[in-house]
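Chemist: The following block contains the structure, expressed as structure tokens.
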Amino acid sequence: KDDEIRQADIPERFYAWKKGSTAAAARMAKRKDEPGEEEDDEEEAMWIMTNLPEVAAEFFAPPKDDATNDEATEKQQKAVLDSIENALRYLRNDLEPEFIRRYRADYVVSPAVRENLHAIMDQDEEWSRMVL
């Protein structure tokens with residue numbers, strides 16, 4: 001087993017997340033070209049948002065600018081969900097949370113999402129267990 005870990009060439013802290021369970025194996029085998037995959041990502045992002053209080057608080061908070069219309073609220077909520085989806089995509093492509101936080105802030109625009117990347121990893125694992 002030690003040789004397998006050495007051959008995998010991934011950080012030890014991610015080994016259990018990526019290789020440690022059948023849910024992880026199913027998650028890593030996900031194909032983006034499958035029909036309906038985009039809806040699954042949106043559904044997972046919404047589920048993760050509801051399970052992380054800081055992210056949910058940002059999602060339901062009124063827009064920061066003085067605009068109180070529905071369009072500004074919808075834009076902010078979409079930005080939070082898109083940030084979760086982008087974070088999941090980067091995490092699944094072997095980028096570490098610190099790298100995403102520092103160098104992918106233009107895609108993961110939500111501050112709450114950037115601050116909770118490790119919790120998002122845990123919620124992704126939980127989601128994978130539920131849908132199997």
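Convention: chains lettered A, B, ... in structure tokens order; per-chain residue numbering from 1; ligands numbered from 1 as shown.
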With only C-alpha atoms as the counted atoms, please give the residues lying no more than 9 Å from Leu91 (chain A), apart from itself and same-chain residues fewer than 5 positions off, as a list in words.

Modeler: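 Residues near the query, excluding close chain neighbours: Asn86, Glu96, Pro97, Ile100, Leu117 and Met121 of chain A.
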
Chemist: Go ahead and dump the residues you just picked, N, CA, C and O atoms, as a PDB file, in the first residue's frame.

Modeler:
ATOM      1  N   ASN A  86     -17.172  26.008  -9.198  1.00  0.00           N
ATOM      2  CA  ASN A  86     -15.786  26.180  -9.650  1.00  0.00           C
ATOM      3  C   ASN A  86     -14.809  25.594  -8.639  1.00  0.00           C
ATOM      4  O   ASN A  86     -13.827  24.947  -9.023  1.00  0.00           O
ATOM      5  N   GLU A  96      -4.999  22.373  -4.681  1.00  0.00           N
ATOM      6  CA  GLU A  96      -5.161  22.429  -3.232  1.00  0.00           C
ATOM      7  C   GLU A  96      -5.961  23.669  -2.835  1.00  0.00           C
ATOM      8  O   GLU A  96      -5.938  24.680  -3.537  1.00  0.00           O
ATOM      9  N   PRO A  97      -6.665  23.599  -1.691  1.00  0.00           N
ATOM     10  CA  PRO A  97      -7.473  24.733  -1.246  1.00  0.00           C
ATOM     11  C   PRO A  97      -6.693  26.048  -1.153  1.00  0.00           C
ATOM     12  O   PRO A  97      -7.208  27.100  -1.544  1.00  0.00           O
ATOM     13  N   ILE A 100      -6.252  27.476  -4.613  1.00  0.00           N
ATOM     14  CA  ILE A 100      -7.519  28.022  -5.107  1.00  0.00           C
ATOM     15  C   ILE A 100      -7.801  29.356  -4.430  1.00  0.00           C
ATOM     16  O   ILE A 100      -8.197  30.331  -5.091  1.00  0.00           O
ATOM     17  N   LEU A 117     -13.085  26.202   1.938  1.00  0.00           N
ATOM     18  CA  LEU A 117     -12.767  25.190   0.928  1.00  0.00           C
ATOM     19  C   LEU A 117     -12.584  23.794   1.524  1.00  0.00           C
ATOM     20  O   LEU A 117     -12.988  22.801   0.921  1.00  0.00           O
ATOM     21  N   MET A 121     -14.781  20.461   0.628  1.00  0.00           N
ATOM     22  CA  MET A 121     -14.247  19.128   0.328  1.00  0.00           C
ATOM     23  C   MET A 121     -14.980  18.060   1.131  1.00  0.00           C
ATOM     24  O   MET A 121     -15.358  17.013   0.590  1.00  0.00           O
TER      25      MET A 121
END

Chemist: Neighbours of Ala56 (chain A) within 10 Å (only C-alpha atoms; same-chain residues fewer than 4 positions away dropped), as a PyMOL selection string?

Modeler: chain A and resi 46+48-52+60-61+77+80+112-113

Chemist: What separation in Å, quoted to one decimal, exists between CA of Ile120 (chain A) and CA of Ala45 (chain A)?

Modeler: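 CA of Ile120 (chain A) sits 9.3 Å away from CA of Ala45 (chain A).
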
Chemist: Could you check which of A:Glu4, A:Pro11, A:Val109, A:Ala119 is closest to Lys78 (chain A), using only C-alpha atoms?

Modeler: A:Val109

Chemist: Enter the distance from CA of Pro63 (chain A) to CA of Gln76 (chain A), in Å, rounded to one decimal.

Modeler: 6.7 Å

Chemist: What is the CA of Arg102 (chain A) to CA of Arg6 (chain A) distance in Å?

Modeler: 27.2 Å
